[in-house]
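Have a look at final30.cif; it's mmCIF, C-alpha atoms:
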data_target
loop_
_atom_site.label_atom_id
_atom_site.label_comp_id
_atom_site.auth_asym_id
_atom_site.auth_seq_id
_atom_site.Cartn_x
_atom_site.Cartn_y
_atom_site.Cartn_z
CA MET Z 1199 30.56 -5.18 -7.05
CA LYS Z 1200 29.46 -8.62 -5.92
CA ARG Z 1201 28.20 -11.35 -8.20
CA ILE Z 1202 24.79 -12.51 -6.89
CA LYS Z 1203 24.40 -16.29 -6.75
CA THR Z 1204 20.94 -16.76 -5.25
CA ALA Z 1205 17.78 -14.67 -5.25
CA LEU Z 1206 14.31 -14.89 -3.74
CA ILE Z 1207 11.41 -13.02 -5.27
CA LEU Z 1208 8.69 -12.37 -2.71
CA CYS Z 1209 5.30 -11.61 -4.24
CA GLY Z 1210 2.96 -9.47 -2.16
CA SER Z 1211 -0.20 -10.08 -4.18
CA PRO Z 1212 -2.95 -12.05 -2.46
CA LYS Z 1213 -4.40 -13.05 -5.86
CA ARG Z 1214 -4.11 -16.69 -6.80
CA GLU Z 1215 -4.35 -16.04 -10.53
CA ARG Z 1216 -3.99 -13.17 -12.99
CA SER Z 1217 -1.62 -11.33 -10.70
CA THR Z 1218 0.41 -8.67 -12.47
CA SER Z 1219 2.87 -8.47 -9.57
CA ARG Z 1220 3.45 -12.21 -9.76
CA GLU Z 1221 4.01 -12.05 -13.52
CA LEU Z 1222 6.46 -9.15 -13.25
CA GLY Z 1223 8.32 -11.05 -10.52
CA ALA Z 1224 8.23 -14.24 -12.56
CA TYR Z 1225 9.65 -12.47 -15.60
CA LEU Z 1226 12.46 -11.01 -13.50
CA ALA Z 1227 13.08 -14.49 -12.05
CA ARG Z 1228 13.45 -15.94 -15.57
CA ARG Z 1229 15.89 -13.18 -16.52
CA LEU Z 1230 17.91 -13.69 -13.33
CA GLU Z 1231 18.02 -17.44 -13.98
CA ALA Z 1232 19.17 -16.77 -17.55
CA GLY Z 1233 21.95 -14.67 -16.07
CA GLY Z 1234 23.10 -17.51 -13.83
CA VAL Z 1235 21.32 -16.49 -10.59
CA LYS Z 1236 19.52 -19.37 -8.90
CA THR Z 1237 16.11 -17.82 -8.19
CA VAL Z 1238 13.03 -18.94 -6.28
CA GLU Z 1239 9.62 -17.28 -6.14
CA ARG Z 1240 7.56 -17.19 -2.97
CA SER Z 1241 4.27 -15.63 -1.88
CA CYS Z 1242 3.44 -14.11 1.51
CA VAL Z 1243 1.31 -17.06 2.58
CA PRO Z 1244 2.69 -17.89 6.05
CA ARG Z 1245 5.13 -20.82 5.87
CA ASP Z 1246 7.71 -22.13 8.28
CA THR Z 1247 10.55 -22.21 5.77
CA LEU Z 1248 10.32 -18.66 4.43
CA LEU Z 1249 12.77 -17.05 6.85
CA ALA Z 1250 15.36 -19.74 6.15
CA GLU Z 1251 14.85 -19.34 2.40
CA VAL Z 1252 15.26 -15.56 2.61
CA GLY Z 1253 18.30 -16.13 4.79
CA ASP Z 1254 19.84 -18.34 2.10
CA ALA Z 1255 19.38 -15.77 -0.67
CA ASP Z 1256 21.94 -13.11 -1.59
CA LEU Z 1257 19.20 -10.95 -3.05
CA LEU Z 1258 15.58 -10.35 -1.97
CA VAL Z 1259 13.26 -8.76 -4.52
CA LEU Z 1260 9.84 -7.57 -3.37
CA SER Z 1261 7.22 -7.62 -6.12
CA LEU Z 1262 3.97 -6.09 -4.98
CA PRO Z 1263 0.76 -4.41 -6.00
CA LEU Z 1264 -0.05 -1.02 -4.55
CA TYR Z 1265 -2.87 -1.60 -2.05
CA ALA Z 1266 -4.48 1.57 -0.72
CA ASP Z 1267 -1.26 3.49 -1.44
CA GLY Z 1268 1.04 1.11 0.37
CA ILE Z 1269 2.43 -2.35 0.90
CA PRO Z 1270 -0.36 -4.96 1.25
CA ALA Z 1271 -1.02 -5.70 4.95
CA ARG Z 1272 -0.13 -9.36 4.78
CA MET Z 1273 3.15 -8.61 3.02
CA LYS Z 1274 3.94 -5.97 5.61
CA GLU Z 1275 3.54 -8.58 8.36
CA THR Z 1276 5.89 -10.89 6.46
CA LEU Z 1277 8.43 -8.08 6.09
CA MET Z 1278 8.21 -7.34 9.82
CA ARG Z 1279 9.13 -10.96 10.54
CA ILE Z 1280 12.06 -10.76 8.12
CA ALA Z 1281 13.28 -7.45 9.54
CA VAL Z 1282 13.40 -8.66 13.15
CA ALA Z 1283 15.03 -11.97 12.19
CA LYS Z 1284 18.31 -10.15 11.38
CA LEU Z 1285 19.21 -12.47 8.52
CA GLY Z 1286 22.60 -10.93 7.81
CA PRO Z 1287 23.94 -8.96 4.87
CA LYS Z 1288 21.79 -9.12 1.78
CA TYR Z 1289 20.76 -7.04 -1.19
CA CYS Z 1290 17.17 -5.88 -1.59
CA ALA Z 1291 15.12 -4.29 -4.39
CA ALA Z 1292 11.43 -3.78 -5.15
CA LEU Z 1293 9.01 -3.78 -8.07
CA VAL Z 1294 5.77 -1.96 -7.33
CA GLN Z 1295 2.84 -1.75 -9.71
CA SER Z 1296 -0.60 -0.21 -9.53
CA GLY Z 1297 -3.81 0.04 -11.49
CA PHE Z 1298 -3.52 3.81 -11.69
CA LEU Z 1299 -1.95 5.17 -14.84
CA GLU Z 1300 0.74 7.30 -13.23
CA SER Z 1301 3.72 5.57 -11.67
CA ALA Z 1302 4.04 8.37 -9.07
CA HIS Z 1303 1.34 6.62 -7.02
CA ASN Z 1304 3.93 3.94 -6.20
CA ASP Z 1305 6.60 6.22 -4.77
CA THR Z 1306 5.37 6.07 -1.17
CA ALA Z 1307 5.34 2.25 -1.22
CA ILE Z 1308 8.83 2.18 -2.73
CA GLU Z 1309 10.06 4.40 0.10
CA MET Z 1310 8.48 2.00 2.62
CA CYS Z 1311 10.30 -0.91 0.94
CA ARG Z 1312 13.54 1.07 1.27
CA LEU Z 1313 12.85 1.64 4.97
CA PHE Z 1314 12.17 -2.09 5.38
CA ALA Z 1315 15.56 -2.86 3.78
CA ARG Z 1316 17.22 -0.31 6.05
CA ASP Z 1317 15.60 -1.76 9.18
CA ALA Z 1318 16.48 -5.32 8.12
CA GLY Z 1319 20.11 -4.33 7.54
CA PHE Z 1320 19.97 -5.05 3.80
CA THR Z 1321 21.69 -3.05 1.05
CA TRP Z 1322 19.03 -1.23 -0.97
CA LEU Z 1323 19.43 -1.45 -4.75
CA GLY Z 1324 16.34 0.58 -5.58
CA GLY Z 1325 12.68 0.33 -6.40
CA LEU Z 1326 10.97 0.38 -9.75
CA GLY Z 1327 7.38 1.57 -9.98
CA ARG Z 1328 4.95 1.35 -12.85
CA GLY Z 1329 1.31 2.21 -13.36
CA ALA Z 1330 -1.31 0.92 -15.78
CA GLY Z 1331 -1.40 -2.57 -14.28
CA GLY Z 1332 -4.57 -3.19 -16.27
CA VAL Z 1333 -2.59 -3.33 -19.52
CA LEU Z 1334 -0.67 -6.41 -18.43
CA ALA Z 1335 -3.63 -7.78 -16.44
CA GLY Z 1336 -1.78 -10.77 -15.05
CA ARG Z 1337 -0.44 -12.11 -18.36
CA PRO Z 1338 3.18 -13.26 -18.75
CA LEU Z 1339 5.25 -10.27 -19.80
CA GLU Z 1340 6.45 -12.12 -22.91
CA GLN Z 1341 2.81 -12.06 -24.14
CA ALA Z 1342 2.28 -8.41 -23.27
CA PRO Z 1343 1.03 -5.98 -25.94
CA PRO Z 1344 3.52 -3.65 -27.71
CA PRO Z 1345 3.04 -0.69 -25.31
CA LEU Z 1346 4.80 -2.80 -22.65
CA ARG Z 1347 7.93 -3.49 -24.68
CA GLY Z 1348 9.71 -0.78 -22.66
CA THR Z 1349 8.75 -2.50 -19.40
CA ARG Z 1350 10.23 -5.76 -20.68
CA GLU Z 1351 13.46 -4.10 -21.76
CA ALA Z 1352 13.71 -2.25 -18.45
CA LEU Z 1353 13.36 -5.52 -16.52
CA ASP Z 1354 15.97 -7.18 -18.75
CA ARG Z 1355 18.44 -4.45 -17.84
CA ALA Z 1356 17.29 -4.48 -14.18
CA ALA Z 1357 18.06 -8.23 -14.00
CA GLU Z 1358 21.58 -7.62 -15.36
CA LEU Z 1359 22.22 -4.96 -12.72
CA LEU Z 1360 20.75 -7.03 -9.88
CA ALA Z 1361 22.90 -10.03 -10.85
CA LEU Z 1362 25.93 -7.83 -10.30
CA GLY Z 1363 24.61 -6.42 -7.03
CA GLU Z 1364 24.39 -2.97 -8.59
CA PRO Z 1365 21.61 -0.44 -8.00
CA PHE Z 1366 19.00 0.32 -10.63
CA SER Z 1367 20.23 3.05 -12.93
CA PRO Z 1368 18.16 6.21 -13.54
CA GLU Z 1369 17.64 4.98 -17.14
CA VAL Z 1370 16.11 1.69 -15.97
CA ASN Z 1371 13.98 3.56 -13.47
CA GLN Z 1372 12.73 5.95 -16.11
CA ALA Z 1373 12.06 3.23 -18.69
CA PHE Z 1374 10.01 1.25 -16.16
CA ARG Z 1375 7.97 4.30 -15.19
CA VAL Z 1376 6.91 5.29 -18.69
CA GLN Z 1377 3.15 5.50 -19.13
CA PRO Z 1378 2.31 2.95 -21.83
CA LEU Z 1379 -0.93 4.65 -22.93
CA PRO Z 1380 -2.40 8.15 -23.03
CA ARG Z 1381 -4.55 8.95 -20.01
CA TRP Z 1382 -7.83 9.18 -21.91
CA LEU Z 1383 -7.32 5.76 -23.49
CA TYR Z 1384 -6.26 3.97 -20.30
CA ALA Z 1385 -9.00 5.54 -18.17
CA GLY Z 1386 -11.61 4.87 -20.86
CA ALA Z 1387 -10.58 1.22 -21.19
CA ALA Z 1388 -10.47 0.75 -17.40
CA ASP Z 1389 -13.92 2.30 -16.93
CA LEU Z 1390 -15.32 0.21 -19.78
CA GLY Z 1391 -13.85 -2.93 -18.22
CA PHE Z 1392 -15.66 -2.23 -14.94
CA VAL Z 1393 -18.93 -1.48 -16.76
CA VAL Z 1394 -18.66 -4.82 -18.60
CA GLN Z 1395 -18.05 -6.62 -15.31
CA LEU Z 1396 -21.03 -4.88 -13.70
CA LEU Z 1397 -23.18 -5.80 -16.70
CA LYS Z 1398 -22.09 -9.45 -16.55
CA ASN Z 1399 -22.91 -9.55 -12.85
CA GLY Z 1400 -26.30 -7.92 -13.37
CA ARG Z 1401 -25.26 -4.94 -11.23
CA LEU Z 1402 -25.02 -2.14 -13.75
CA LEU Z 1403 -28.01 -0.28 -12.34
CA SER Z 1404 -26.67 -0.47 -8.80
CA MET Z 1405 -23.09 0.53 -9.54
CA PHE Z 1406 -23.49 3.82 -7.63
CA LYS Z 1407 -25.28 2.16 -4.72
CA LYS Z 1408 -24.66 3.71 -1.29
CA PRO Z 1409 -25.46 0.89 1.15
CA TYR Z 1410 -24.29 2.82 4.21
CA ARG Z 1411 -26.16 6.06 3.60
CA MET G 1203 -17.37 17.49 13.08
CA GLN G 1204 -18.03 13.74 13.33
CA THR G 1205 -14.68 12.09 14.01
CA LEU G 1206 -13.90 8.40 13.76
CA LEU G 1207 -10.62 7.14 15.23
CA LEU G 1208 -9.25 3.83 14.00
CA ASN G 1209 -6.88 2.49 16.64
CA GLY G 1210 -4.26 0.23 15.06
CA SER G 1211 -2.21 -0.15 18.23
CA THR G 1212 -2.49 -3.09 20.60
CA LEU G 1213 -4.31 -2.75 23.89
CA ASN G 1214 -1.28 -4.02 25.84
CA ASP G 1215 0.85 -1.20 24.40
CA GLU G 1216 0.83 1.01 27.48
CA TYR G 1217 2.43 4.04 25.83
CA ALA G 1218 -0.01 3.90 22.92
CA GLN G 1219 -2.98 3.64 25.26
CA ARG G 1220 -1.84 6.65 27.31
CA LEU G 1221 -1.31 8.63 24.11
CA LEU G 1222 -4.68 7.51 22.80
CA ARG G 1223 -6.47 8.76 25.92
CA LEU G 1224 -4.83 12.16 25.50
CA VAL G 1225 -5.67 12.28 21.79
CA ILE G 1226 -9.32 11.51 22.57
CA ALA G 1227 -9.39 14.25 25.20
CA LEU G 1228 -7.90 16.80 22.80
CA PHE G 1229 -10.35 15.95 20.02
CA SER G 1230 -13.18 16.23 22.55
CA GLU G 1231 -12.15 19.82 23.37
CA SER G 1232 -13.44 20.99 20.02
CA GLY G 1233 -16.79 19.22 20.09
CA THR G 1234 -18.15 15.68 20.12
CA PRO G 1235 -15.67 13.06 21.36
CA PRO G 1236 -14.38 10.83 18.57
CA GLN G 1237 -15.84 7.40 18.08
CA VAL G 1238 -12.97 4.97 18.72
CA ILE G 1239 -12.67 1.56 17.07
CA ASN G 1240 -10.03 -0.79 18.48
CA LEU G 1241 -9.12 -2.85 15.44
CA GLU G 1242 -7.32 -5.45 17.54
CA GLU G 1243 -10.68 -6.53 18.98
CA LEU G 1244 -12.18 -7.16 15.55
CA ARG G 1245 -12.01 -10.00 13.07
CA ILE G 1246 -10.75 -8.50 9.81
CA ALA G 1247 -9.42 -10.66 6.99
CA ASP G 1248 -7.01 -9.62 4.24
CA CYS G 1249 -8.39 -7.95 1.11
CA THR G 1250 -8.14 -10.48 -1.71
CA GLY G 1251 -8.12 -7.89 -4.50
CA CYS G 1252 -11.28 -9.40 -6.05
CA PHE G 1253 -12.96 -5.99 -6.65
CA GLY G 1254 -16.26 -7.62 -5.72
CA CYS G 1255 -17.13 -4.44 -3.78
CA TRP G 1256 -17.05 -2.61 -7.10
CA THR G 1257 -18.50 -5.15 -9.53
CA ARG G 1258 -20.51 -7.87 -7.72
CA THR G 1259 -22.02 -6.19 -4.65
CA PRO G 1260 -21.37 -2.48 -5.32
CA GLY G 1261 -20.46 -0.62 -2.16
CA GLU G 1262 -20.20 -3.75 0.00
CA CYS G 1263 -17.25 -6.05 0.57
CA ALA G 1264 -17.86 -9.69 -0.30
CA ILE G 1265 -16.04 -10.89 2.83
CA HIS G 1266 -18.44 -11.10 5.77
CA ASP G 1267 -16.40 -10.29 8.86
CA ASP G 1268 -16.16 -7.13 10.99
CA ALA G 1269 -14.68 -4.90 8.27
CA PRO G 1270 -17.98 -3.89 6.58
CA THR G 1271 -19.27 -2.51 9.91
CA VAL G 1272 -16.17 -0.34 10.20
CA THR G 1273 -16.50 0.75 6.57
CA ALA G 1274 -20.09 1.83 7.28
CA GLN G 1275 -18.83 4.00 10.14
CA MET G 1276 -16.13 5.45 7.90
CA ALA G 1277 -18.80 6.32 5.33
CA HIS G 1278 -20.61 8.48 7.88
CA ALA G 1279 -17.52 10.18 9.33
CA GLU G 1280 -16.34 13.63 8.36
CA ARG G 1281 -12.88 13.20 9.81
CA ILE G 1282 -11.00 9.89 10.13
CA VAL G 1283 -8.04 9.58 12.50
CA PHE G 1284 -5.50 6.83 11.88
CA PHE G 1285 -3.64 5.96 15.07
CA CYS G 1286 -0.93 3.28 15.16
CA PRO G 1287 2.75 2.47 15.55
CA VAL G 1288 4.72 3.48 12.46
CA VAL G 1289 5.95 0.45 10.50
CA PHE G 1290 8.49 1.08 7.72
CA GLY G 1291 7.22 4.67 7.48
CA GLY G 1292 3.60 3.60 7.10
CA PHE G 1293 0.67 2.15 9.01
CA ALA G 1294 0.79 -0.93 11.21
CA PRO G 1295 -0.63 -3.99 9.39
CA GLU G 1296 -3.82 -4.12 11.52
CA LEU G 1297 -4.77 -0.62 10.44
CA LYS G 1298 -3.54 -1.06 6.88
CA ARG G 1299 -5.70 -4.17 6.50
CA MET G 1300 -8.82 -2.20 7.45
CA ILE G 1301 -7.98 0.60 5.02
CA GLU G 1302 -7.58 -1.95 2.22
CA ARG G 1303 -10.96 -3.42 3.06
CA SER G 1304 -12.67 -0.03 2.79
CA ILE G 1305 -12.15 0.69 -0.91
CA SER G 1306 -15.89 0.34 -1.41
CA LEU G 1307 -16.00 3.95 -0.16
CA LEU G 1308 -14.71 4.79 -3.63
CA LEU G 1309 -16.12 4.10 -7.08
CA PRO G 1310 -14.18 1.98 -9.57
CA PHE G 1311 -14.00 4.65 -12.23
CA MET G 1312 -11.04 6.89 -12.95
CA ARG G 1313 -11.11 10.65 -12.94
CA VAL G 1314 -8.38 13.29 -12.76
CA TYR G 1315 -7.96 14.93 -9.35
CA ARG G 1316 -5.06 17.28 -8.65
CA GLY G 1317 -3.37 16.21 -11.88
CA GLU G 1318 -3.49 12.43 -11.30
CA SER G 1319 -5.91 9.57 -11.83
CA HIS G 1320 -8.00 8.82 -8.74
CA HIS G 1321 -11.27 7.11 -7.92
CA PRO G 1322 -14.28 9.32 -7.13
CA ALA G 1323 -15.92 9.06 -3.71
CA ARG G 1324 -18.99 6.81 -3.57
CA TYR G 1325 -20.61 8.99 -0.91
CA GLY G 1326 -19.54 12.32 -2.39
CA ARG G 1327 -17.56 13.01 0.79
CA GLN G 1328 -14.30 14.87 1.03
CA TYR G 1329 -12.93 13.21 4.13
CA GLU G 1330 -10.46 15.03 6.31
CA LEU G 1331 -7.77 12.61 7.41
CA CYS G 1332 -5.45 12.81 10.41
CA GLY G 1333 -2.56 10.45 11.11
CA ILE G 1334 -0.87 10.01 14.48
CA GLY G 1335 2.04 7.59 14.44
CA ILE G 1336 4.32 6.21 17.14
CA LEU G 1337 7.98 5.76 16.20
CA THR G 1338 10.15 3.25 18.06
CA ARG G 1339 13.09 5.69 17.98
CA PRO G 1340 13.83 9.16 16.53
CA ASP G 1341 13.61 8.50 12.81
CA PRO G 1342 13.19 11.53 10.51
CA GLU G 1343 12.96 9.31 7.40
CA ALA G 1344 10.10 7.25 8.78
CA ALA G 1345 8.38 10.39 10.10
CA ALA G 1346 8.56 12.03 6.66
CA SER G 1347 7.29 8.85 5.01
CA PHE G 1348 4.35 8.66 7.43
CA ARG G 1349 3.38 12.24 6.64
CA GLU G 1350 3.61 11.63 2.89
CA ARG G 1351 1.60 8.45 3.41
CA LEU G 1352 -1.25 10.49 4.88
CA ARG G 1353 -1.06 13.03 2.08
CA ARG G 1354 -1.33 10.32 -0.58
CA LEU G 1355 -4.18 8.57 1.22
CA SER G 1356 -5.99 11.90 1.53
CA LEU G 1357 -5.65 12.42 -2.20
CA ASN G 1358 -7.17 9.01 -2.82
CA PHE G 1359 -9.94 9.74 -0.33
CA ASN G 1360 -10.68 12.90 -2.32
CA GLY G 1361 -9.54 15.04 0.58
CA ILE G 1362 -8.50 18.67 0.56
CA LEU G 1363 -6.85 18.96 3.96
CA PHE G 1364 -4.93 16.51 6.11
CA SER G 1365 -2.89 16.55 9.29
CA ALA G 1366 -0.20 14.11 10.38
CA GLY G 1367 2.59 13.73 12.85
CA THR G 1368 4.62 11.27 14.87
CA LEU G 1369 5.81 10.88 18.43
CA VAL G 1370 8.74 8.83 19.64
CA ARG G 1371 7.78 5.98 21.95
CA GLY G 1372 8.61 6.82 25.55
CA SER G 1373 8.75 10.57 24.97
CA THR G 1374 6.81 12.87 27.29
CA LEU G 1375 3.19 13.24 26.23
CA ASP G 1376 2.93 16.92 25.46
CA SER G 1377 -0.60 18.21 24.82
CA ALA G 1378 0.69 21.18 22.84
CA GLN G 1379 2.63 18.92 20.48
CA ILE G 1380 -0.33 16.62 19.92
CA ARG G 1381 -2.67 19.57 19.51
CA GLU G 1382 -0.36 20.81 16.75
CA ILE G 1383 -0.46 17.42 14.99
CA ILE G 1384 -4.23 17.46 15.10
CA ASN G 1385 -4.86 21.07 14.25
CA VAL G 1386 -2.18 22.07 11.74
CA ARG G 1387 -3.84 21.07 8.52
CA GLU G 1388 -2.12 21.04 5.19
CA ASP G 1389 -3.42 21.10 1.67
CA VAL G 1390 -3.02 17.74 -0.07
#

Show the structure stored in the file as structure tokens.
Amino acid sequence: MKRIKTALILCGSPKRERSTSRELGAYLARRLEAGGVKTVERSCVPRDTLLAEVGDADLLVLSLPLYADGIPARMKETLMRIAVAKLGPKYCAALVQSGFLESAHNDTAIEMCRLFARDAGFTWLGGLGRGAGGVLAGRPLEQAPPPLRGTREALDRAAELLALGEPFSPEVNQAFRVQPLPRWLYAGAADLGFVVQLLKNGRLLSMFKKPYR
Amino acid sequence: MQTLLLNGSTLNDEYAQRLLRLVIALFSESGTPPQVINLEELRIADCTGCFGCWTRTPGECAIHDDAPTVTAQMAHAERIVFFCPVVFGGFAPELKRMIERSISLLLPFMRVYRGESHHPARYGRQYELCGIGILTRPDPEAAASFRERLRRLSLNFNGILFSAGTLVRGSTLDSAQIREIINVREDV
């Protein structure tokens, strides 16, 4: 067991605002800081100092949205640069979230994060995956509705384990994966949200448009 | 069957180009040669996650670069072949970027398919996907991940069958092995 002193949370979302991945990472960063781990948050926008900053951290946490069933392309390029840089021993973990209800959608991306850690020579502490990204919708986790209380508690415990350099426990994994809403309610709310957006944009009648037919 | 091959390898990757020529020849044996798109030659920006292709200009990406042209070709294809080096058990970024930019092939709504939430196909197509990956060294974990990657993508493309396999860079190009990757189809 090694006490972690510094951490870097790398967010894979290309969104500038209302990013659920950024908020989950930010919440974890606050919990790590509260536990005495000096933590910085970074995005995958190319920057000269990123490799040095990752090199300085004891722990690298990847926080990413599921994009077409995998790691977003830009983040993957960033991870390739980190992997070939051979930055020395380090711990690594991942938080993956998607807009689908079921957390199982994230499992392939979590495995890819594990393979990144392996190729980079980092010690893998595990990946947590959750669905129903639309429930949090880019708000700070402290302001999240009651169905996400379990997510908050799971991240609290995850931060404690990460600070000690310990892998995520099956209990934390399970608590993070819990579906916060029944399928009919989540799917209904998600569909309604898209219909409202289409209506606002004056595109409701063309929502099934097939421009490439 | 109308086959579209998205080449996510670089043109100066000699092994990949030799493999690609063989793959094209083997696909051509069973009918029309595949249409090949070399992604390296195109200008394709990152998906910004704006969902404009679902809510502002339904079916069309809001970013005007080369990606919409490729998406149009994907819409017409019956089989899509993903060809690239394997990176962390998945697609190379150049290919992954194009896949991300093609979500307008799906509708925003949720429906249950094979026991999970998925998006229905905009064009009512059940694409058949094939993945051919190049590993830098023998790596059973990355090979298994690549195969699972194709299965999951097929599910999200509303597919029924998929085929996938990997070759180790530098290994002898064996037509029988590649034919097996192409032809042995699995249920998603």

Practice item. List the residues selected by the PyMOL selection byres ((chain G) within 6 of (chain Z)) in the file shown, writing them as a ChimeraX atom specification. Key: /G:1250,1257-1258,1260,1274,1290-1291,1295,1298-1299,1302,1311-1312

Practice item. Please evaluate the PyMOL selection byres ((chain Z and resi 1226-1232) around 9) against the structure above and give the resulting residues as number ranges by chain. Key: Z: 1205-1207, 1221-1225, 1233-1239, 1353-1354, 1356-1358, 1360-1361

Exercise for review: With a distance cut-off of 6 Å and all atoms listed in the file, select the neighbouring residues of Ser1296 (chain Z), excluding the residue or stretch itself and same-chain residues fewer than 4 positions from it, and output the selection as a PyMOL selection string.
Suggested key: chain Z and resi 1263-1264+1329+1331

Practice item. Name the residues that the PyMOL selection byres ((chain G and resi 1222) around 10) picks from the file above, as a ChimeraX atom specification, using the file's chain letters and numbers. Key: /G:1207,1209,1211,1216-1221,1223-1228,1238,1285-1286,1334

Those residues you just picked out, can you put them in a file as a PDB file, in the frame of the given file with C-alpha atoms?
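Written output follows (selection20.pdb):
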ATOM      1  CA  LEU G1207     -10.620   7.140  15.230  1.00  0.00           C
ATOM      2  CA  ASN G1209      -6.880   2.490  16.640  1.00  0.00           C
ATOM      3  CA  SER G1211      -2.210  -0.150  18.230  1.00  0.00           C
ATOM      4  CA  GLU G1216       0.830   1.010  27.480  1.00  0.00           C
ATOM      5  CA  TYR G1217       2.430   4.040  25.830  1.00  0.00           C
ATOM      6  CA  ALA G1218      -0.010   3.900  22.920  1.00  0.00           C
ATOM      7  CA  GLN G1219      -2.980   3.640  25.260  1.00  0.00           C
ATOM      8  CA  ARG G1220      -1.840   6.650  27.310  1.00  0.00           C
ATOM      9  CA  LEU G1221      -1.310   8.630  24.110  1.00  0.00           C
ATOM     10  CA  ARG G1223      -6.470   8.760  25.920  1.00  0.00           C
ATOM     11  CA  LEU G1224      -4.830  12.160  25.500  1.00  0.00           C
ATOM     12  CA  VAL G1225      -5.670  12.280  21.790  1.00  0.00           C
ATOM     13  CA  ILE G1226      -9.320  11.510  22.570  1.00  0.00           C
ATOM     14  CA  ALA G1227      -9.390  14.250  25.200  1.00  0.00           C
ATOM     15  CA  LEU G1228      -7.900  16.800  22.800  1.00  0.00           C
ATOM     16  CA  VAL G1238     -12.970   4.970  18.720  1.00  0.00           C
ATOM     17  CA  PHE G1285      -3.640   5.960  15.070  1.00  0.00           C
ATOM     18  CA  CYS G1286      -0.930   3.280  15.160  1.00  0.00           C
ATOM     19  CA  ILE G1334      -0.870  10.010  14.480  1.00  0.00           C
TER      20      ILE G1334
END

Spatial neighbours of Gly1286 (chain Z), 8 Å, all atoms listed in the file, chain gap at least 6 places, as an mmCIF file with C-alpha atoms, in the coordinates of the input:
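Final output, saved to result-v7.cif:
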data_model
loop_
_atom_site.group_PDB
_atom_site.id
_atom_site.type_symbol
_atom_site.label_atom_id
_atom_site.label_comp_id
_atom_site.auth_asym_id
_atom_site.auth_seq_id
_atom_site.Cartn_x
_atom_site.Cartn_y
_atom_site.Cartn_z
ATOM 1 C CA GLY Z 1253 18.300 -16.130 4.790
ATOM 2 C CA GLY Z 1319 20.110 -4.330 7.540
ATOM 3 C CA PHE Z 1320 19.970 -5.050 3.800
#

Study note, to complete from the structure: Students should find that CA of Val1370 (chain Z) and CA of Leu1352 (chain G) are spaced 28.5 Å

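Separating CA of Gln1204 (chain G) from CA of His1278 (chain G) is a distance of 8.0 Å.
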
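Counting only C-alpha atoms and comparing G:Phe1229, G:Tyr1329, G:Phe1253, G:Phe1359, the residue that lies closest to Ala1279 (chain G) is G:Tyr1329.
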
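Nearest to Lys1200 (chain Z) of all the residues Z:Pro1380, Z:Pro1365, Z:Gly1336, Z:Pro1345 is Z:Pro1365, based on only C-alpha atoms.
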
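Among the candidate residues Z:Cys1290, Z:Leu1379, Z:Leu1208, Z:Leu1334, the one lying nearest to Glu1364 (chain Z) is Z:Cys1290, with distances computed using only C-alpha atoms.
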
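We find CA of Leu1375 (chain G) and CA of Glu1330 (chain G) to be spaced 24.2 Å apart.
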
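Applying the 10 Å criterion to (-15.8, -3.9, -1.2) in file coordinates and using all atoms listed in the file, one obtains the residues Cys1249, Gly1251, Cys1252, Phe1253, Gly1254, Cys1255, Trp1256, Thr1257, Arg1258, Thr1259, Pro1260, Gly1261, Glu1262, Cys1263, Ala1264, Ile1265, Ala1269, Pro1270, Thr1273, Glu1302, Arg1303, Ser1304, Ile1305, Ser1306, Leu1307, Leu1308 and Leu1309 of chain G.
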
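By all atoms listed in the file, and with residues fewer than 4 positions from Val1283 (chain G) along its chain excluded, the set lying at most 6 Å from it is Leu1207, Leu1331, Cys1332 and Gly1333 of chain G.
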
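Distances to Arg1353 (chain G) were evaluated for G:Glu1231, G:Tyr1315, G:Phe1284, G:Glu1388 using only C-alpha atoms, and the minimum falls at G:Glu1388.
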
Practice item. Pick out the residues sitting within 6 Å of Cys1209 (chain Z), and hand them over as a ChimeraX atom specification; count all atoms listed in the file, and ignore anything fewer than 2 positions along from it in its own chain. Key: /Z:1211,1220,1241,1261-1262

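Closest approach to Ala1294 (chain G) among G:Leu1208, G:Gly1361, G:His1320, G:Glu1280 is made by G:Leu1208 (distances from all atoms listed in the file).
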
Exercise for review: Excluding Ala1352 (chain Z) and residues on its chain fewer than 2 positions from it, collect all residues at most 12 Å away from it, counting only C-alpha atoms, and give them as a ChimeraX atom specification.
Suggested key: /Z:1222,1225-1226,1229,1293,1326-1328,1339,1346-1350,1354-1359,1366-1376

Taking the block just given, write region 1317-1321 of chain G to a file that holds N, CA and C atoms, as an mmCIF file, in the first residue's frame.
data_model
loop_
_atom_site.group_PDB
_atom_site.id
_atom_site.type_symbol
_atom_site.label_atom_id
_atom_site.label_comp_id
_atom_site.auth_asym_id
_atom_site.auth_seq_id
_atom_site.Cartn_x
_atom_site.Cartn_y
_atom_site.Cartn_z
ATOM 1 N N GLY G 1317 -31.789 -6.867 -25.470
ATOM 2 C CA GLY G 1317 -31.787 -6.710 -24.011
ATOM 3 C C GLY G 1317 -31.140 -5.448 -23.484
ATOM 4 N N GLU G 1318 -30.716 -4.541 -24.373
ATOM 5 C CA GLU G 1318 -30.073 -3.295 -23.932
ATOM 6 C C GLU G 1318 -30.651 -2.119 -24.707
ATOM 7 N N SER G 1319 -30.452 -0.920 -24.146
ATOM 8 C CA SER G 1319 -30.865 0.286 -24.863
ATOM 9 C C SER G 1319 -29.914 0.528 -26.029
ATOM 10 N N HIS G 1320 -30.474 0.822 -27.187
ATOM 11 C CA HIS G 1320 -29.677 1.202 -28.357
ATOM 12 C C HIS G 1320 -30.473 2.208 -29.166
ATOM 13 N N HIS G 1321 -29.784 2.848 -30.105
ATOM 14 C CA HIS G 1321 -30.452 3.802 -30.990
ATOM 15 C C HIS G 1321 -30.887 3.082 -32.270
#
